file data.txt (compact mmCIF, C-alpha atoms and all ligand atoms)
# COMPACT_ATOMS: atom_id res chain seq x y z
CA MET A 588 -16.16 -5.28 17.62
CA THR A 589 -13.92 -8.16 18.36
CA GLN A 590 -16.38 -10.67 19.86
CA ILE A 591 -13.69 -11.24 22.48
CA ASN A 592 -14.80 -9.58 25.69
CA TYR A 593 -14.99 -9.96 29.45
CA ARG A 594 -18.30 -11.03 30.90
CA LYS A 595 -18.10 -10.14 34.54
CA ASN A 596 -14.59 -11.29 35.38
CA GLU A 597 -14.07 -13.83 32.68
CA LEU A 598 -12.87 -13.58 29.12
CA PHE A 599 -15.14 -15.04 26.45
CA VAL A 600 -14.85 -15.63 22.73
CA GLU A 601 -18.41 -15.20 21.53
CA ASP A 602 -20.45 -17.25 24.04
CA ILE A 603 -17.68 -19.54 25.20
CA ALA A 604 -15.50 -18.93 28.25
CA LEU A 605 -11.84 -19.38 27.45
CA SER A 606 -11.33 -21.35 30.66
CA SER A 607 -13.64 -24.04 29.30
CA ILE A 608 -11.62 -24.13 26.06
CA ALA A 609 -8.45 -24.71 28.09
CA LYS A 610 -10.16 -27.56 29.97
CA THR A 611 -11.35 -29.28 26.81
CA TYR A 612 -8.46 -28.68 24.45
CA ASN A 613 -5.55 -27.91 26.73
CA THR A 614 -3.04 -25.10 26.32
CA PRO A 615 -1.42 -23.50 24.45
CA CYS A 616 -3.89 -23.07 21.61
CA TYR A 617 -5.21 -20.47 19.21
CA VAL A 618 -8.87 -19.52 19.54
CA TYR A 619 -10.73 -17.60 16.81
CA SER A 620 -14.18 -16.06 16.52
CA ARG A 621 -16.23 -16.89 13.44
CA LYS A 622 -18.38 -13.77 13.80
CA ALA A 623 -15.36 -11.49 14.06
CA ILE A 624 -13.74 -12.97 10.95
CA GLU A 625 -16.93 -12.74 8.92
CA SER A 626 -17.84 -9.24 10.02
CA ASN A 627 -14.35 -7.98 9.22
CA TRP A 628 -14.57 -9.32 5.67
CA LEU A 629 -18.11 -8.04 5.20
CA ALA A 630 -17.09 -4.58 6.44
CA TYR A 631 -14.74 -4.22 3.46
CA ASP A 632 -17.21 -5.69 1.03
CA GLN A 633 -19.99 -3.37 2.15
CA ALA A 634 -17.82 -0.25 2.33
CA LEU A 635 -16.68 -0.84 -1.27
CA ALA A 636 -20.14 -1.77 -2.55
CA LYS A 637 -20.46 1.33 -4.75
CA HIS A 638 -17.64 0.21 -7.03
CA ASP A 639 -16.95 -3.08 -8.80
CA HIS A 640 -14.51 -4.84 -6.46
CA LEU A 641 -13.18 -8.11 -5.11
CA VAL A 642 -11.87 -8.60 -1.59
CA CYS A 643 -9.06 -11.16 -1.87
CA TYR A 644 -8.20 -12.39 1.61
CA ALA A 645 -4.42 -12.74 2.09
CA VAL A 646 -4.11 -16.41 2.99
CA LYS A 647 -0.71 -15.98 4.63
CA ALA A 648 -2.31 -14.21 7.59
CA ASN A 649 -4.18 -17.32 8.68
CA SER A 650 -4.37 -20.25 6.33
CA ASN A 651 -6.41 -22.77 8.29
CA ILE A 652 -8.86 -24.31 5.82
CA ALA A 653 -11.78 -23.61 8.16
CA VAL A 654 -10.99 -19.89 8.02
CA ILE A 655 -10.57 -19.96 4.24
CA ASN A 656 -13.82 -21.87 3.95
CA LEU A 657 -15.78 -19.30 5.97
CA LEU A 658 -14.54 -16.55 3.68
CA ALA A 659 -15.10 -18.61 0.53
CA ARG A 660 -18.74 -18.99 1.59
CA LEU A 661 -19.01 -15.20 1.71
CA GLY A 662 -17.70 -15.01 -1.85
CA SER A 663 -14.17 -13.95 -1.02
CA GLY A 664 -11.27 -14.01 -3.42
CA PHE A 665 -7.82 -15.02 -2.19
CA ASP A 666 -4.32 -13.61 -2.39
CA ILE A 667 -1.79 -16.44 -2.39
CA VAL A 668 2.00 -16.61 -2.46
CA SER A 669 2.63 -20.30 -2.98
CA ILE A 670 1.13 -23.45 -4.37
CA GLY A 671 0.67 -24.63 -0.79
CA GLU A 672 -1.68 -21.72 -0.27
CA LEU A 673 -3.44 -22.42 -3.59
CA GLU A 674 -4.08 -26.04 -2.59
CA ARG A 675 -5.46 -24.84 0.74
CA VAL A 676 -7.87 -22.51 -1.04
CA ILE A 677 -9.02 -25.31 -3.36
CA ARG A 678 -9.36 -27.79 -0.48
CA ALA A 679 -11.38 -25.23 1.46
CA GLY A 680 -13.84 -24.68 -1.40
CA GLY A 681 -12.47 -21.35 -2.60
CA ASP A 682 -12.94 -20.38 -6.24
CA PRO A 683 -9.63 -20.50 -8.18
CA ALA A 684 -11.07 -17.94 -10.58
CA LYS A 685 -10.91 -15.46 -7.68
CA VAL A 686 -7.29 -16.18 -6.79
CA VAL A 687 -4.44 -13.74 -7.33
CA PHE A 688 -0.92 -15.09 -7.10
CA ALA A 689 1.87 -12.84 -5.74
CA GLY A 690 5.49 -13.59 -4.89
CA VAL A 691 8.91 -12.78 -6.31
CA ALA A 692 10.11 -16.34 -6.95
CA LYS A 693 7.33 -18.25 -8.68
CA ARG A 694 8.59 -21.58 -10.01
CA ALA A 695 7.52 -23.07 -13.34
CA ASP A 696 5.69 -25.93 -11.61
CA GLU A 697 3.77 -23.42 -9.49
CA MET A 698 2.82 -21.48 -12.61
CA ARG A 699 1.62 -24.67 -14.30
CA ARG A 700 -0.60 -25.64 -11.40
CA ALA A 701 -2.05 -22.15 -11.13
CA LEU A 702 -2.78 -22.09 -14.88
CA GLU A 703 -4.27 -25.56 -14.75
CA VAL A 704 -6.84 -24.55 -12.13
CA GLY A 705 -7.50 -21.22 -13.86
CA ILE A 706 -6.56 -18.55 -11.34
CA ARG A 707 -7.74 -14.97 -11.90
CA CYS A 708 -4.27 -13.55 -12.34
CA PHE A 709 -0.57 -13.64 -11.65
CA ASN A 710 0.77 -10.57 -9.92
CA VAL A 711 4.05 -10.49 -11.80
CA GLU A 712 7.04 -9.08 -9.92
CA SER A 713 9.82 -9.08 -12.55
CA GLU A 714 10.50 -9.19 -16.27
CA GLN A 715 12.22 -12.53 -15.79
CA GLU A 716 9.07 -13.95 -14.23
CA LEU A 717 7.06 -12.65 -17.15
CA GLU A 718 9.31 -14.49 -19.61
CA ARG A 719 9.06 -17.72 -17.66
CA LEU A 720 5.29 -17.42 -17.40
CA ASN A 721 4.97 -16.81 -21.13
CA LEU A 722 6.92 -20.01 -21.81
CA VAL A 723 4.98 -22.11 -19.32
CA ALA A 724 1.67 -20.86 -20.72
CA ALA A 725 2.86 -21.50 -24.28
CA ASN A 726 3.63 -25.12 -23.35
CA MET A 727 0.10 -25.47 -22.08
CA ASP A 728 -1.34 -23.63 -25.07
CA LEU A 729 -2.92 -21.06 -22.77
CA LYS A 730 -2.80 -17.35 -22.14
CA ALA A 731 -1.70 -16.39 -18.64
CA PRO A 732 -3.66 -13.47 -17.16
CA ILE A 733 -1.29 -10.99 -15.54
CA SER A 734 -1.15 -7.85 -13.51
CA ILE A 735 2.24 -6.28 -12.98
CA ARG A 736 3.04 -5.37 -9.41
CA VAL A 737 4.73 -2.02 -9.55
CA ASN A 738 6.80 -0.53 -6.83
CA PRO A 739 5.41 2.97 -6.33
CA ASP A 740 8.28 4.02 -4.03
CA VAL A 741 5.94 5.12 -1.26
CA ASP A 742 7.01 4.96 2.37
CA ALA A 743 4.27 3.14 4.21
CA GLY A 744 5.62 4.37 7.54
CA THR A 745 5.43 0.92 9.08
CA HIS A 746 7.98 -1.50 10.53
CA PRO A 747 10.93 -1.84 8.08
CA TYR A 748 10.48 -5.63 7.89
CA ILE A 749 6.92 -5.25 6.62
CA SER A 750 7.37 -2.20 4.43
CA THR A 751 7.45 -3.35 0.84
CA GLY A 752 6.84 -0.46 -1.53
CA LEU A 753 10.24 1.25 -1.44
CA LYS A 754 12.89 1.05 -4.13
CA GLU A 755 15.20 -0.74 -1.75
CA ASN A 756 12.67 -3.61 -1.40
CA LYS A 757 12.78 -6.77 -3.48
CA PHE A 758 9.14 -6.57 -4.53
CA GLY A 759 7.54 -5.50 -7.77
CA ILE A 760 8.87 -3.62 -10.78
CA ALA A 761 10.14 -0.05 -10.45
CA MET A 762 7.66 2.53 -11.70
CA GLU A 763 10.16 3.85 -14.27
CA GLN A 764 10.49 0.41 -15.87
CA ALA A 765 6.82 -0.52 -15.71
CA LEU A 766 5.79 1.00 -19.04
CA SER A 767 8.45 -0.81 -21.03
CA VAL A 768 7.73 -4.13 -19.27
CA TYR A 769 4.04 -3.74 -20.12
CA GLN A 770 4.98 -3.04 -23.73
CA ARG A 771 7.01 -6.25 -23.82
CA ALA A 772 4.19 -8.17 -22.17
CA ALA A 773 1.73 -6.88 -24.76
CA LYS A 774 3.85 -8.49 -27.47
CA MET A 775 4.01 -11.88 -25.78
CA ASN A 776 1.76 -14.48 -27.36
CA ASN A 777 0.81 -16.29 -24.18
CA ILE A 778 0.31 -13.36 -21.85
CA GLU A 779 -2.93 -11.49 -21.36
CA ILE A 780 -2.59 -8.17 -19.56
CA ILE A 781 -5.53 -7.58 -17.25
CA GLY A 782 -4.32 -5.14 -14.65
CA THR A 783 -1.79 -3.49 -12.47
CA GLY A 784 -1.27 -3.12 -8.78
CA CYS A 785 0.96 -2.59 -5.82
CA HIS A 786 1.39 -3.55 -2.20
CA ILE A 787 3.28 -1.07 -0.10
CA GLY A 788 3.35 -2.70 3.30
CA SER A 789 1.41 -4.04 6.20
CA GLN A 790 0.00 -2.60 9.46
CA LEU A 791 -0.68 0.78 7.85
CA THR A 792 -2.56 3.05 10.20
CA GLY A 793 -3.15 6.03 7.92
CA MET A 794 -4.76 6.45 4.49
CA GLU A 795 -2.14 8.71 2.95
CA PRO A 796 0.31 6.03 1.79
CA PHE A 797 -2.55 4.02 0.22
CA VAL A 798 -3.83 7.09 -1.60
CA ASP A 799 -0.36 8.19 -2.77
CA ALA A 800 0.37 4.73 -4.10
CA LEU A 801 -2.99 4.46 -5.83
CA LYS A 802 -2.51 7.83 -7.55
CA ARG A 803 0.85 6.74 -8.88
CA VAL A 804 -0.51 3.46 -10.14
CA LEU A 805 -3.46 5.21 -11.79
CA HIS A 806 -1.02 7.55 -13.53
CA LEU A 807 0.64 4.44 -14.95
CA ALA A 808 -2.75 3.11 -16.05
CA ASP A 809 -3.27 6.38 -17.98
CA GLN A 810 0.12 6.08 -19.65
CA LEU A 811 -0.70 2.51 -20.63
CA GLU A 812 -4.06 3.55 -22.04
CA ALA A 813 -2.27 6.13 -24.19
CA GLU A 814 -0.12 3.28 -25.51
CA GLY A 815 -3.19 1.24 -26.36
CA ILE A 816 -3.00 -1.07 -23.33
CA THR A 817 -6.35 -1.05 -21.53
CA LEU A 818 -6.52 -2.47 -18.03
CA LYS A 819 -9.51 -4.12 -16.36
CA GLN A 820 -8.38 -4.21 -12.75
CA ILE A 821 -6.27 -2.43 -10.20
CA ASP A 822 -5.01 -4.13 -7.06
CA ILE A 823 -3.98 -1.98 -4.11
CA GLY A 824 -2.57 -4.77 -1.98
CA GLY A 825 -2.98 -5.45 1.72
CA GLY A 826 -5.59 -3.96 3.97
CA LEU A 827 -5.73 -1.72 6.98
CA GLY A 828 -3.63 -2.01 10.09
CA ILE A 829 -5.29 -3.05 13.32
CA CYS A 830 -5.28 -1.85 16.91
CA TYR A 831 -2.75 -3.83 18.93
CA ASN A 832 -2.21 -1.22 21.60
CA ASN A 833 -3.44 2.32 20.98
CA GLU A 834 -3.20 2.61 17.20
CA VAL A 835 -6.27 4.11 15.58
CA PRO A 836 -6.43 2.76 12.03
CA PRO A 837 -8.97 4.24 9.59
CA THR A 838 -12.40 2.61 9.55
CA HIS A 839 -13.52 0.59 6.55
CA GLN A 840 -15.72 3.50 5.54
CA GLU A 841 -12.83 5.97 5.75
CA TYR A 842 -10.79 3.56 3.67
CA ALA A 843 -13.48 3.36 1.00
CA ASP A 844 -14.11 7.12 1.12
CA ALA A 845 -10.42 7.81 0.46
CA ILE A 846 -10.04 5.31 -2.35
CA LEU A 847 -13.28 5.09 -4.30
CA PRO A 848 -13.41 8.73 -5.49
CA LEU A 849 -10.11 8.15 -7.30
CA LEU A 850 -11.71 5.29 -9.23
CA ALA A 851 -15.12 6.82 -9.77
CA ASP A 852 -14.89 7.48 -13.51
CA ARG A 853 -12.84 4.46 -14.32
CA ASP A 854 -13.84 1.11 -15.64
CA LEU A 855 -11.46 -0.72 -13.34
CA THR A 856 -12.33 -3.49 -10.90
CA LEU A 857 -10.74 -2.74 -7.54
CA LEU A 858 -8.95 -5.62 -5.84
CA ILE A 859 -7.76 -5.48 -2.25
CA GLU A 860 -5.78 -8.11 -0.37
CA PRO A 861 -6.43 -7.69 3.35
CA GLY A 862 -5.14 -10.28 5.78
CA ARG A 863 -4.35 -8.86 9.20
CA SER A 864 -7.51 -6.76 9.45
CA ILE A 865 -9.72 -9.78 8.69
CA VAL A 866 -8.30 -12.21 11.23
CA GLY A 867 -5.88 -10.35 13.55
CA ASN A 868 -8.25 -9.19 16.23
CA ALA A 869 -10.49 -12.21 15.70
CA GLY A 870 -8.09 -14.50 17.55
CA VAL A 871 -6.12 -15.02 20.74
CA LEU A 872 -3.32 -17.25 21.85
CA LEU A 873 -4.42 -19.03 25.03
CA THR A 874 -1.64 -20.06 27.40
CA GLU A 875 -1.14 -21.16 31.00
CA VAL A 876 1.29 -19.79 33.55
CA GLU A 877 3.64 -22.64 34.45
CA TYR A 878 5.75 -20.74 36.96
CA LEU A 879 6.19 -17.29 38.45
CA LYS A 880 9.85 -16.68 39.11
CA SER A 881 11.66 -13.61 40.46
CA ASN A 882 15.15 -12.35 41.08
CA ASP A 883 16.39 -9.00 42.43
CA GLU A 884 15.90 -7.41 39.04
CA LYS A 885 12.84 -8.94 37.51
CA SER A 886 9.84 -11.16 37.71
CA PHE A 887 9.03 -13.64 35.00
CA ALA A 888 5.72 -15.22 34.16
CA ILE A 889 6.84 -18.41 32.43
CA VAL A 890 4.01 -19.64 30.24
CA ASP A 891 3.53 -22.74 28.11
CA ALA A 892 3.43 -20.83 24.78
CA ALA A 893 6.63 -19.58 23.20
CA MET A 894 8.23 -17.73 20.33
CA ASN A 895 7.79 -20.77 18.13
CA ASP A 896 4.01 -20.51 18.60
CA LEU A 897 3.80 -16.72 18.19
CA MET A 898 6.84 -15.18 16.62
CA ARG A 899 5.79 -11.54 16.24
CA PRO A 900 7.06 -10.27 19.62
CA SER A 901 10.50 -11.86 19.14
CA LEU A 902 10.81 -11.12 15.45
CA TYR A 903 9.48 -7.56 15.23
CA ASN A 904 9.51 -6.59 18.87
CA ALA A 905 5.76 -6.37 18.30
CA TRP A 906 3.57 -5.41 21.26
CA GLN A 907 0.49 -7.54 21.75
CA ASN A 908 -1.81 -7.17 24.70
CA ILE A 909 -1.60 -9.87 27.37
CA GLN A 910 -4.58 -10.34 29.64
CA PRO A 911 -5.65 -12.82 32.29
CA VAL A 912 -8.60 -15.03 31.37
CA VAL A 913 -10.05 -14.54 34.86
CA ILE A 914 -9.67 -11.15 36.53
CA LYS A 915 -8.50 -11.61 40.12
CA ASP A 916 -8.39 -9.13 42.93
CA ILE A 917 -4.76 -9.71 43.93
CA THR A 918 -1.61 -7.62 43.93
CA GLU A 919 -0.41 -6.40 40.61
CA GLN A 920 3.15 -7.06 39.62
CA GLU A 921 5.30 -6.38 36.58
CA TYR A 922 6.38 -9.44 34.63
CA ASP A 923 8.23 -10.38 31.51
CA VAL A 924 5.97 -13.00 29.97
CA VAL A 925 8.31 -15.62 28.56
CA GLY A 926 8.10 -19.11 27.10
CA PRO A 927 9.97 -22.41 27.45
CA VAL A 928 12.25 -21.95 24.41
CA CYS A 929 15.97 -21.69 25.09
CA GLU A 930 16.51 -18.16 23.80
CA THR A 931 16.59 -14.82 25.54
CA GLY A 932 14.47 -13.52 22.66
CA ASP A 933 11.70 -15.90 23.64
CA PHE A 934 9.20 -13.49 25.08
CA LEU A 935 5.55 -12.76 24.38
CA GLY A 936 5.56 -9.48 26.27
CA ARG A 937 7.89 -7.47 28.45
CA ALA A 938 7.21 -5.39 31.55
CA ARG A 939 3.50 -6.23 31.75
CA SER A 940 1.55 -5.39 34.88
CA LEU A 941 -0.55 -8.39 35.71
CA LYS A 942 -2.53 -9.78 38.64
CA ILE A 943 -1.71 -13.45 38.25
CA GLU A 944 -0.77 -16.65 40.06
CA GLN A 945 0.87 -19.86 38.95
CA GLY A 946 -1.62 -21.98 37.00
CA ASP A 947 -3.62 -19.00 35.71
CA LEU A 948 -4.61 -18.69 32.09
CA LEU A 949 -3.50 -15.76 29.96
CA VAL A 950 -4.30 -14.68 26.45
CA VAL A 951 -2.16 -12.85 23.96
CA ARG A 952 -4.61 -10.71 22.01
CA SER A 953 -4.58 -9.85 18.28
CA ALA A 954 -3.03 -13.20 17.51
CA GLY A 955 -5.35 -14.35 14.72
CA ALA A 956 -3.07 -12.99 11.97
CA TYR A 957 0.53 -14.06 11.42
CA GLY A 958 0.31 -16.21 14.53
CA PHE A 959 -0.16 -19.87 13.71
CA THR A 960 1.00 -19.38 10.12
CA MET A 961 4.41 -18.18 11.28
CA SER A 962 4.77 -20.84 13.96
CA SER A 963 7.45 -23.49 13.88
CA THR A 964 8.44 -26.59 15.78
CA TYR A 965 11.65 -25.06 17.11
CA ASN A 966 12.87 -26.85 20.24
CA SER A 967 10.83 -29.82 18.97
CA ARG A 968 7.62 -28.30 20.22
CA PRO A 969 4.63 -29.74 18.33
CA ARG A 970 2.47 -27.11 16.65
CA ILE A 971 -0.48 -26.16 18.80
CA ALA A 972 -4.22 -26.63 18.31
CA GLU A 973 -6.54 -24.12 16.65
CA ILE A 974 -10.14 -23.73 17.75
CA LEU A 975 -12.89 -21.78 16.02
CA ILE A 976 -15.79 -20.53 18.11
CA ASP A 977 -19.17 -20.26 16.45
CA THR A 978 -21.57 -18.62 18.94
CA ASP A 979 -21.80 -21.29 21.66
CA GLN A 980 -20.02 -24.07 19.78
CA ALA A 981 -16.30 -24.72 19.77
CA HIS A 982 -14.79 -26.51 16.78
CA LEU A 983 -11.33 -27.99 16.77
CA ILE A 984 -10.10 -26.87 13.35
CA ARG A 985 -6.56 -28.16 13.79
CA ARG A 986 -5.65 -30.67 16.40
CA ARG A 987 -2.44 -30.38 18.34
CA GLU A 988 0.47 -32.05 16.53
CA THR A 989 1.87 -35.15 18.19
CA ILE A 990 5.48 -35.89 19.06
CA ASP A 991 5.45 -38.66 16.43
CA GLU A 992 4.35 -36.19 13.78
CA LEU A 993 7.35 -34.03 14.60
CA MET A 994 9.58 -36.71 13.09
CA VAL A 995 7.47 -37.66 10.08
CA GLY A 996 9.68 -37.97 7.00
CA GLU A 997 12.91 -38.20 8.97
CA SER A 998 15.12 -41.27 8.94
CA THR A 999 18.44 -42.41 10.34
CA LEU A 1000 21.23 -43.61 8.06
CA PRO A 1001 21.42 -47.36 7.32
CA LYS A 1002 23.80 -49.32 9.58
N1 LIG A 1101 -0.74 -8.69 -0.29
C1 LIG A 1101 0.58 -8.89 -0.33
C2 LIG A 1101 1.25 -8.95 -1.64
C3 LIG A 1101 1.31 -9.04 0.85
O1 LIG A 1101 2.63 -9.22 0.80
C4 LIG A 1101 0.65 -8.98 2.11
C5 LIG A 1101 1.38 -9.13 3.36
C6 LIG A 1101 -0.75 -8.79 2.11
C7 LIG A 1101 -1.41 -8.63 0.89
C8 LIG A 1101 -1.56 -8.73 3.36
O2 LIG A 1101 -1.30 -7.58 4.10
P1 LIG A 1101 -2.17 -7.21 5.40
O3 LIG A 1101 -3.57 -6.91 4.97
O4 LIG A 1101 -2.14 -8.39 6.32
O5 LIG A 1101 -1.49 -6.04 5.95
N2 LIG A 1101 4.31 -11.18 9.36
C9 LIG A 1101 4.13 -9.75 9.43
C10 LIG A 1101 3.29 -9.23 8.29
C11 LIG A 1101 3.87 -9.55 6.93
C12 LIG A 1101 3.00 -9.09 5.80
C13 LIG A 1101 3.46 -9.66 4.51
N3 LIG A 1101 2.62 -9.33 3.39
C14 LIG A 1101 3.52 -9.41 10.78
O6 LIG A 1101 3.25 -10.32 11.54
O7 LIG A 1101 3.32 -8.25 11.09
call {"tool": "encode", "arguments": {"input": "data.txt", "output": "structure tokens", "more": "lines below"}}
Ligand code: LLP
result
Amino acid sequence: MTQINYRKNELFVEDIALSSIAKTYNTPCYVYSRKAIESNWLAYDQALAKHDHLVCYAVKANSNIAVINLLARLGSGFDIVSIGELERVIRAGGDPAKVVFAGVAKRADEMRRALEVGIRCFNVESEQELERLNLVAANMDLKAPISIRVNPDVDAGTHPYISTGLKENKFGIAMEQALSVYQRAAKMNNIEIIGTGCHIGSQLTGMEPFVDALKRVLHLADQLEAEGITLKQIDIGGGLGICYNNEVPPTHQEYADAILPLLADRDLTLLIEPGRSIVGNAGVLLTEVEYLKSNDEKSFAIVDAAMNDLMRPSLYNAWQNIQPVVIKDITEQEYDVVGPVCETGDFLGRARSLKIEQGDLLVVRSAGAYGFTMSSTYNSRPRIAEILIDTDQAHLIRRRETIDELMVGESTLPK
């Protein structure tokens, strides 16, 4: 249920036609559905209801404060990787006590700020980080709550750039070292051990890697218990993959049914950190065809959005569906859908069969996650607007950047 569907021949987000959004706000822009975002979060929360749990939305997927605010109102926790993300959560009304802080390179100033606002826990990724955190907390006369992110060495079977739970990856602490790092942590005066966890990768479309990883982490929890270290929470990282093309990820219920039995007799709060599956299919990138251009080899649909606005196709060769906003009864042709940026890698989709004319509107589907957040101003293209649809109301939740704003903070040398 994406809330993004054709009504007759026209694509709508909830009750608003995307062509009217283009008229009001111009293109390119991101358009999100409130209902889709909320129902995706609630689906996890309800599926896990039998066990004590906290769904911590991964802010990196879509960090607009309106999106964070919607989830905060539902009671969501948040998974953050920087102080920038923490400040967004606070600004959006999120509860710092429900924030978990991941990342391999946490700075002392970031630790201080996170301790000051009282986050739920630091997901510690190295022994060195643990030492720094202990010092920072000591200076503040506090105890820092921690969970060590272990690397369970499980192959998530996803794209190598977004697979994170293998030994060759930079994340977490190797399983073999985890016990001794916990023992060190237990002796530190300003560290409070509250849990353990892992994150093995993103866009997972099967349950097996999640289950394998969880079993390994639970085995560690048992070893720790035997050493007198009792944990309160276990964090199994990011959420389910989504359907971009023809993937069939597990349902929320299947996810819960695979995971909860493993936790049934344990007094451990389950934390999950889904991002993509909350917002991915709740959003589209709306763009206009500037030109249709052909040579002997190929036809190009040149649109006004580019790799700087949506990087996934260029960066991961990711396939995202491209559809016309209005279905027309004209000849179909195969196009590479490309943007204005001066790079051959600037494409949103290749070899797409489309019935389109110059001036038509297109959407790139599944663009609500890792879309705007990964965008840049490359080629001095201002960052685009974001619009949130709530039933029959459209809200501009981030206005288009201006050319002046592109140069904010820059200066020329004195004469
Ligand atoms: N927790 C941690 C520690 C993470 O590193 C991530 C994602 C998540 C949670 C959220 O995972 P999700 O539920 O979204 O799968 N830019 C890439 C995805 C990078 C994911 C990075 N970490 C893409 O566009 O596919």
call {"tool": "residues_near_ligand", "arguments": {"input": "data.txt", "ligand": "ligand LIG 1101 (chain A)", "cutoff": "7 Å", "atoms": "all atoms listed in the file", "output": "number ranges by chain"}}
result
A: 645, 648, 666, 689, 749, 786, 788-790, 824-828, 860-864, 899, 956-957
call {"tool": "residues_around", "arguments": {"input": "data.txt", "residues": "segment 610-613 of chain A", "least_positions_apart": "6", "cutoff": "10 Å", "atoms": "all atoms listed in the file", "output": "PyMOL selection string"}}
result
chain A and resi 873-875+971-974+981+983+986-987
call {"tool": "atom_distance", "arguments": {"input": "data.txt", "atom1": "atom CA of Tyr965 of chain A", "atom2": "atom CA of Asn895 of chain A"}}
result
5.9 Å
call {"tool": "residues_around", "arguments": {"input": "data.txt", "residues": "Cys830 of chain A", "least_positions_apart": "3", "cutoff": "10 Å", "atoms": "only C-alpha atoms", "output": "ChimeraX atom specification"}}
result
/A:790,792,827,833-836,864,867-868,907,953
call {"tool": "write_last_selection", "arguments": {"input": "data.txt", "atoms": "C-alpha atoms", "output": "mmCIF file, in the coordinates of the input"}}
result
data_model
loop_
_atom_site.group_PDB
_atom_site.id
_atom_site.type_symbol
_atom_site.label_atom_id
_atom_site.label_comp_id
_atom_site.auth_asym_id
_atom_site.auth_seq_id
_atom_site.Cartn_x
_atom_site.Cartn_y
_atom_site.Cartn_z
ATOM 1 C CA GLN A 790 0.000 -2.600 9.460
ATOM 2 C CA THR A 792 -2.560 3.050 10.200
ATOM 3 C CA LEU A 827 -5.730 -1.720 6.980
ATOM 4 C CA ASN A 833 -3.440 2.320 20.980
ATOM 5 C CA GLU A 834 -3.200 2.610 17.200
ATOM 6 C CA VAL A 835 -6.270 4.110 15.580
ATOM 7 C CA PRO A 836 -6.430 2.760 12.030
ATOM 8 C CA SER A 864 -7.510 -6.760 9.450
ATOM 9 C CA GLY A 867 -5.880 -10.350 13.550
ATOM 10 C CA ASN A 868 -8.250 -9.190 16.230
ATOM 11 C CA GLN A 907 0.490 -7.540 21.750
ATOM 12 C CA SER A 953 -4.580 -9.850 18.280
#
call {"tool": "atom_distance", "arguments": {"input": "data.txt", "atom1": "atom CA of Ile735 of chain A", "atom2": "atom CA of Tyr631 of chain A"}}
result
23.7 Å
call {"tool": "atom_distance", "arguments": {"input": "data.txt", "atom1": "atom CA of Arg985 of chain A", "atom2": "atom CA of Asp896 of chain A"}}
result
13.9 Å
call {"tool": "residues_around", "arguments": {"input": "data.txt", "residues": "Leu801 of chain A", "least_positions_apart": "5", "cutoff": "9 Å", "atoms": "only C-alpha atoms", "output": "ChimeraX atom specification"}}
result
/A:739,784-785,796,806,821-823,846,849
call {"tool": "closest_residue", "arguments": {"input": "data.txt", "among": "A:Val618, A:Val687, A:Met762, A:Val924", "to": "Arg939 of chain A", "atoms": "only C-alpha atoms"}}
result
A:Val924
call {"tool": "residues_around", "arguments": {"input": "data.txt", "residues": "segment 700-711 of chain A", "least_positions_apart": "6", "cutoff": "10 Å", "atoms": "only C-alpha atoms", "output": "ChimeraX atom specification"}}
result
/A:664-670,673-674,677,682-693,717,720,723-724,727,729-737,758-760,779-785,822
call {"tool": "closest_residue", "arguments": {"input": "data.txt", "among": "A:Phe599, A:His640, A:Gly870, A:Thr964", "to": "Lys819 of chain A", "atoms": "all atoms listed in the file"}}
result
A:His640
call {"tool": "residues_around", "arguments": {"input": "data.txt", "residues": "Ala604 of chain A", "least_positions_apart": "4", "cutoff": "10 Å", "atoms": "only C-alpha atoms", "output": "list in words"}}
result
Ile591, Asn592, Tyr593, Arg594, Glu597, Leu598, Phe599, Val600, Ile608, Ala609, Val912, Val913 and Asp979 of chain A
call {"tool": "closest_residue", "arguments": {"input": "data.txt", "among": "A:Leu722, A:Cys929, A:Val798, A:Ala851", "to": "Ala893 of chain A", "atoms": "all atoms listed in the file"}}
result
A:Cys929
call {"tool": "build_atoms", "arguments": {"input": "data.txt", "residues": "segment 867-873 of chain A", "atoms": "N, CA and C atoms", "output": "PDB file, keeping the file's coordinate frame"}}
result
ATOM      1  N   GLY A 867      -6.777 -10.700  12.429  1.00  0.00           N
ATOM      2  CA  GLY A 867      -5.880 -10.350  13.550  1.00  0.00           C
ATOM      3  C   GLY A 867      -6.595 -10.261  14.881  1.00  0.00           C
ATOM      4  N   ASN A 868      -7.569  -9.371  14.949  1.00  0.00           N
ATOM      5  CA  ASN A 868      -8.250  -9.190  16.230  1.00  0.00           C
ATOM      6  C   ASN A 868      -9.402 -10.184  16.434  1.00  0.00           C
ATOM      7  N   ALA A 869      -9.475 -11.165  15.551  1.00  0.00           N
ATOM      8  CA  ALA A 869     -10.490 -12.210  15.700  1.00  0.00           C
ATOM      9  C   ALA A 869      -9.919 -13.420  16.444  1.00  0.00           C
ATOM     10  N   GLY A 870      -8.681 -13.313  16.923  1.00  0.00           N
ATOM     11  CA  GLY A 870      -8.090 -14.500  17.550  1.00  0.00           C
ATOM     12  C   GLY A 870      -7.196 -14.171  18.726  1.00  0.00           C
ATOM     13  N   VAL A 871      -7.053 -15.149  19.610  1.00  0.00           N
ATOM     14  CA  VAL A 871      -6.120 -15.020  20.740  1.00  0.00           C
ATOM     15  C   VAL A 871      -5.271 -16.280  20.829  1.00  0.00           C
ATOM     16  N   LEU A 872      -4.144 -16.101  21.464  1.00  0.00           N
ATOM     17  CA  LEU A 872      -3.320 -17.250  21.850  1.00  0.00           C
ATOM     18  C   LEU A 872      -3.590 -17.487  23.326  1.00  0.00           C
ATOM     19  N   LEU A 873      -4.060 -18.685  23.643  1.00  0.00           N
ATOM     20  CA  LEU A 873      -4.420 -19.030  25.030  1.00  0.00           C
ATOM     21  C   LEU A 873      -3.286 -19.842  25.637  1.00  0.00           C
TER      22      LEU A 873
END
